[in-house]
Structure formats: structure tokens, C-alpha cells
Amino acid sequence: MTADTGVPILMYHAVASDPNEATRALSVTPEAFAAQMEVIGDLGLTPVTTAGLAARWRDRRPLPPRPVLVTFDDGYAGVHRHALPVL
């Protein structure tokens with residue numbers, strides 16, 4: 001959890017079954033990603049978007065119960081192919 005937001009932020013780099021050498025250390029398999037998203041649901045966390053989070057802060061509106069932000073720092077094809085359907 002970040003100290004300044006109070007919202008856990010999960011950052012993903014690549015979602016791939018067989019990542020290349022450059023992204024291997026920063027990759028998660030599609031199965032692991034799906035399992036992690038299932039845990040988010042099981043824990044009763046409420047996913048928020050960056051825009052939604054910013055709007056709530058800007059307008060000083062309360063956050064939803066147990067918010068969590070899931071981010072991707074690159075636009076690899078695996079994010080679209082594997083992560084988007086799970087989200």
C-alpha cells in the first residue's frame with residue numbers, strides 16, 4: 001500500500017505464456033494473472049480506474065470500499081490478449 005494514497009496499486013509489466021528474455025523477469029503468466037484477479041474479488045476489493053481515482057480525490061468524494069488500482073506500464077500484446085478478458 002502506498003503511504004500517500006492509501007490505495008494498493010498493482011503494477012504489471014507483461015502477461016505472457018512464454019515471455020522473451022527482455023521481459024521474463026517482469027512477466028506473469030496468463031494463469032497467474034487470472035488467479036491474482038480472482039483473489040482481488042475473493043478479498044472483496046473494489047477495482048478503480050486511474051481517472052476515477054483522480055476524480056474522487058479532486059472532488060473530495062469518498063473512495064469505494066477497499067479500493068485497488070491495477071495498472072500496466074507497457075502496451076504489450078499479451079496485456080490485450082490475456083489480461084483484458086480477465087478484467
# chains A, B, ... in the order shown; residues from 1 in each chain; ligands from 1
$ residues_around --residues "Leu87 of chain A" --least-positions-apart "2" --cutoff "12 Å" --atoms "only C-alpha atoms" --output "VMD selection string"
chain A and resid 30 33 to 38 40 to 41 47 to 49 69 to 71 79 to 85
$ select_by_dssp --residues "chain A" --states "helix (DSSP H, G or I)" --output "MDAnalysis selection string"
chainID A and resid 24:26 30:42 50:59 77:86
$ atom_distance --atom1 "atom CA of Arg66 of chain A" --atom2 "atom CA of Val7 of chain A"
8.0 Å
$ residues_around --residues "Leu53 of chain A" --least-positions-apart "4" --cutoff "12 Å" --atoms "only C-alpha atoms" --output "PyMOL selection string"
chain A and resi 5-9+46-49+57-64+67-70
$ closest_residue --among "A:Val86, A:Ala51, A:Leu45, A:Leu10" --to "Glu31 of chain A" --atoms "only C-alpha atoms"
A:Val86
$ atom_distance --atom1 "atom CA of Ala16 of chain A" --atom2 "atom CA of Asp73 of chain A"
14.4 Å
$ atom_distance --atom1 "atom CA of Phe72 of chain A" --atom2 "atom CA of Gly44 of chain A"
21.4 Å
$ closest_residue --among "A:Glu21, A:Ala77, A:Val15, A:Leu43" --to "Pro65 of chain A" --atoms "only C-alpha atoms"
A:Leu43
$ residues_around --residues "Ala22 of chain A" --least-positions-apart "5" --cutoff "12 Å" --atoms "only C-alpha atoms" --output "short mmCIF file (atom, residue, chain, number, x, y, z; two decimals) with C-alpha atoms, in the first residue's frame"
data_model
loop_
_atom_site.label_atom_id
_atom_site.label_comp_id
_atom_site.auth_asym_id
_atom_site.auth_seq_id
_atom_site.Cartn_x
_atom_site.Cartn_y
_atom_site.Cartn_z
CA HIS A 13 4.56 -5.17 -16.98
CA ALA A 14 3.78 -8.13 -19.25
CA SER A 27 6.22 -11.07 -16.61
#
$ select_by_dssp --residues "segment 26-86 of chain A" --states "strand (DSSP E or B)" --output "list in words"
Ser27, Val28, Thr46, Pro47, Val48, Pro67, Val68, Leu69, Val70, Thr71 and Phe72 of chain A
